[in-house]
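Notes to accompany the following structure.
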Amino acid sequence: MPLSPQATIEELFRRMGSGDPPERIAELVSDDVDWYVAGAVDRVPWIGRKTGRAGAADFYRQIGTLIVSERFAVSDLLTNGNRVVVLGELASRVRETGKLIETEFAFDFIVEDGAIVRFRMFEDSHAVAQAVV
């Protein structure tokens, strides 16, 4: 029996927090996921549209390579049917520049049969772009 939408997202965060490899994290994503993080795609390699499970794995690989997470705090996890919205704050240091990204975030997930089929991340994309240059 597949995980519930909320349990799927909680498992995603558990895998991310425990340092699981990107491919293991991406096992929770459908093969044809609609994955998008808005921002300056010409400056920030991990944002933009990703394609499929492999694209989601690339997202987590790039994040793991290019930034160091200093804080990730979830304030709310809201579920409505198959939609899970997560609100919180994060702080990440860009390895190349040493600059700190501090931003509130909203993650918007759609989960079907225990797999993430849609993901949107909303953050201070200006602050992210400024930190990578």
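Residue names in the structure tokens use chain letters A, B, ... in the order shown, residue numbers from 1 in each chain, and ligand numbers from 1 in the order shown.
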
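Near region 117-132 of chain A, within a cut-off of 6 Å and counting only C-alpha atoms, sit the residues Ser30, Val33, Asp34, Trp35, Tyr36, Val37, Gly39, Lys99, Ile101, Thr103, Phe105, Ala106, Phe107, Asp108, Phe109, Ile110 and Val111 of chain A, with same-chain residues fewer than 6 positions away left out.
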
Q.
I'd like to know which residues of chain A are helix (DSSP H, G or I) (by DSSP, run on the backbone); could you write them as a PyMOL selection string?
A. chain A and resi 5-17+22-26+52-66+125-131

Q: Write out as a list in words the residues lying within 7 Å of Val94 (chain A), counting only C-alpha atoms and excluding same-chain residues fewer than 2 positions away.
A: Leu66, Ile67, Val68, Ser92, Glu96, Thr97, Gly98, Lys99, Leu100, Ala131 and Val132 of chain A

Q: Quick one: everything within 12 Å of Ala26 (chain A), counting only C-alpha atoms, minus sequence neighbours fewer than 2 positions away in the same chain. Send it as JSON, numbers by chain.
A: {"A": [8, 9, 11, 12, 13, 15, 16, 20, 21, 22, 23, 24, 28, 29, 30, 31, 32, 33, 35, 50, 51, 52, 53, 54, 55, 56, 57, 58, 59, 60, 61, 115, 116, 117]}

Please produce an output containing N, CA, C and O atoms for each residue in the selection, written as a short mmCIF file (atom, residue, chain, number, x, y, z; two decimals), in the first residue's frame.
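So part14.cif came out as:
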data_model
loop_
_atom_site.label_atom_id
_atom_site.label_comp_id
_atom_site.auth_asym_id
_atom_site.auth_seq_id
_atom_site.Cartn_x
_atom_site.Cartn_y
_atom_site.Cartn_z
N THR A 8 4.41 10.57 2.49
CA THR A 8 5.39 10.63 1.40
C THR A 8 6.31 11.82 1.58
O THR A 8 7.54 11.70 1.45
N ILE A 9 5.75 12.98 1.88
CA ILE A 9 6.57 14.19 2.04
C ILE A 9 7.42 14.09 3.31
O ILE A 9 8.59 14.50 3.31
N GLU A 11 8.63 11.37 4.50
CA GLU A 11 9.71 10.46 4.12
C GLU A 11 10.73 11.17 3.24
O GLU A 11 11.94 10.94 3.38
N LEU A 12 10.28 12.03 2.36
CA LEU A 12 11.20 12.84 1.54
C LEU A 12 12.13 13.64 2.44
O LEU A 12 13.36 13.62 2.26
N PHE A 13 11.57 14.34 3.42
CA PHE A 13 12.39 15.15 4.32
C PHE A 13 13.32 14.28 5.15
O PHE A 13 14.46 14.65 5.43
N ARG A 15 14.67 11.41 4.24
CA ARG A 15 15.77 10.99 3.36
C ARG A 15 16.74 12.14 3.11
O ARG A 15 17.95 11.94 3.09
N MET A 16 16.20 13.33 2.88
CA MET A 16 17.06 14.50 2.66
C MET A 16 17.92 14.76 3.89
O MET A 16 19.13 14.99 3.78
N ASP A 20 20.68 10.65 2.45
CA ASP A 20 20.51 9.60 1.44
C ASP A 20 21.00 10.10 0.08
O ASP A 20 20.93 11.30 -0.21
N PRO A 21 21.48 9.19 -0.76
CA PRO A 21 21.92 9.61 -2.10
C PRO A 21 20.75 10.19 -2.91
O PRO A 21 19.59 9.81 -2.69
N PRO A 22 21.05 11.08 -3.85
CA PRO A 22 19.99 11.71 -4.65
C PRO A 22 19.05 10.72 -5.32
O PRO A 22 17.85 10.95 -5.40
N GLU A 23 19.58 9.59 -5.79
CA GLU A 23 18.73 8.60 -6.45
C GLU A 23 17.72 7.99 -5.48
O GLU A 23 16.59 7.70 -5.85
N ARG A 24 18.13 7.81 -4.24
CA ARG A 24 17.23 7.26 -3.22
C ARG A 24 16.14 8.28 -2.88
O ARG A 24 14.98 7.91 -2.70
N LEU A 28 10.98 8.71 -4.53
CA LEU A 28 9.65 9.16 -4.10
C LEU A 28 8.96 10.03 -5.16
O LEU A 28 7.86 10.54 -4.93
N VAL A 29 9.60 10.19 -6.31
CA VAL A 29 9.11 11.06 -7.38
C VAL A 29 8.66 10.19 -8.55
O VAL A 29 9.30 9.18 -8.87
N SER A 30 7.58 10.58 -9.21
CA SER A 30 7.11 9.82 -10.37
C SER A 30 8.07 9.99 -11.55
O SER A 30 8.83 10.97 -11.61
N ASP A 31 8.01 9.05 -12.47
CA ASP A 31 8.87 9.12 -13.66
C ASP A 31 8.61 10.34 -14.51
O ASP A 31 9.51 10.81 -15.21
N ASP A 32 7.39 10.87 -14.47
CA ASP A 32 7.05 12.02 -15.30
C ASP A 32 6.65 13.23 -14.45
O ASP A 32 5.76 14.00 -14.81
N VAL A 33 7.33 13.42 -13.34
CA VAL A 33 7.04 14.52 -12.41
C VAL A 33 7.07 15.87 -13.12
O VAL A 33 7.88 16.09 -14.03
N TRP A 35 8.21 19.24 -12.24
CA TRP A 35 9.10 19.79 -11.21
C TRP A 35 9.57 21.17 -11.64
O TRP A 35 10.18 21.31 -12.70
N LYS A 50 12.83 20.60 -14.15
CA LYS A 50 13.52 19.31 -14.16
C LYS A 50 12.59 18.28 -14.78
O LYS A 50 11.37 18.37 -14.63
N THR A 51 13.17 17.29 -15.42
CA THR A 51 12.37 16.29 -16.11
C THR A 51 12.53 14.94 -15.44
O THR A 51 13.64 14.42 -15.31
N GLY A 52 11.40 14.39 -15.01
CA GLY A 52 11.36 13.03 -14.48
C GLY A 52 12.15 12.80 -13.21
O GLY A 52 12.68 13.72 -12.60
N ARG A 53 12.21 11.54 -12.84
CA ARG A 53 12.92 11.11 -11.64
C ARG A 53 14.41 11.48 -11.74
O ARG A 53 15.01 11.91 -10.76
N ALA A 54 14.99 11.32 -12.92
CA ALA A 54 16.41 11.66 -13.11
C ALA A 54 16.63 13.16 -12.87
O ALA A 54 17.64 13.55 -12.28
N GLY A 55 15.70 13.99 -13.33
CA GLY A 55 15.81 15.43 -13.12
C GLY A 55 15.73 15.80 -11.64
O GLY A 55 16.47 16.66 -11.16
N ALA A 56 14.84 15.13 -10.91
CA ALA A 56 14.74 15.37 -9.47
C ALA A 56 16.03 14.94 -8.77
O ALA A 56 16.52 15.65 -7.89
N ALA A 57 16.60 13.81 -9.18
CA ALA A 57 17.87 13.36 -8.61
C ALA A 57 18.96 14.39 -8.90
O ALA A 57 19.78 14.70 -8.01
N ASP A 58 18.98 14.96 -10.11
CA ASP A 58 19.96 16.00 -10.44
C ASP A 58 19.79 17.22 -9.54
O ASP A 58 20.78 17.82 -9.11
N PHE A 59 18.54 17.60 -9.26
CA PHE A 59 18.26 18.72 -8.36
C PHE A 59 18.93 18.48 -7.01
O PHE A 59 19.66 19.32 -6.50
N TYR A 60 18.71 17.30 -6.42
CA TYR A 60 19.29 17.01 -5.10
C TYR A 60 20.80 16.86 -5.18
O TYR A 60 21.52 17.25 -4.25
N ARG A 61 21.32 16.34 -6.28
CA ARG A 61 22.77 16.22 -6.46
C ARG A 61 23.41 17.61 -6.52
O ARG A 61 24.42 17.87 -5.89
N ALA A 115 3.72 8.74 -4.82
CA ALA A 115 4.78 9.35 -5.63
C ALA A 115 4.46 10.83 -5.86
O ALA A 115 3.32 11.20 -6.13
N ILE A 116 5.48 11.66 -5.77
CA ILE A 116 5.33 13.09 -6.04
C ILE A 116 5.19 13.25 -7.54
O ILE A 116 6.08 12.86 -8.30
N VAL A 117 4.07 13.83 -7.98
CA VAL A 117 3.82 14.02 -9.41
C VAL A 117 3.96 15.49 -9.84
O VAL A 117 4.06 15.79 -11.02
#

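Of note, CA of Ala40 (chain A) and CA of Val85 (chain A) are spaced 23.1 Å apart.
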
**Q.** Nearest candidate to Ala73 (chain A) (options A:Gly17, A:Val44, A:Asp113, A:Pro5; using only C-alpha atoms)
**A.** A:Gly17

Q: Work out how far CA of Val41 (chain A) is from CA of Glu10 (chain A), in Å to one decimal.
A: 27.9 Å

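Between CA of Val74 (chain A) and CA of Ile47 (chain A) there is a distance of 20.5 Å.
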
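Each of A:Arg95, A:Ile63, A:Trp46, A:Gly88 was checked against Val133 (chain A) using only C-alpha atoms; the smallest atom-to-atom distance is that of A:Arg95.
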
(Q) For the strand (DSSP E) assignment from backbone DSSP, which residues of chain A qualify? Please present them as a VMD selection string. (A) chain A and resid 29 to 37 48 to 51 67 to 80 83 to 94 100 to 112 115 to 122
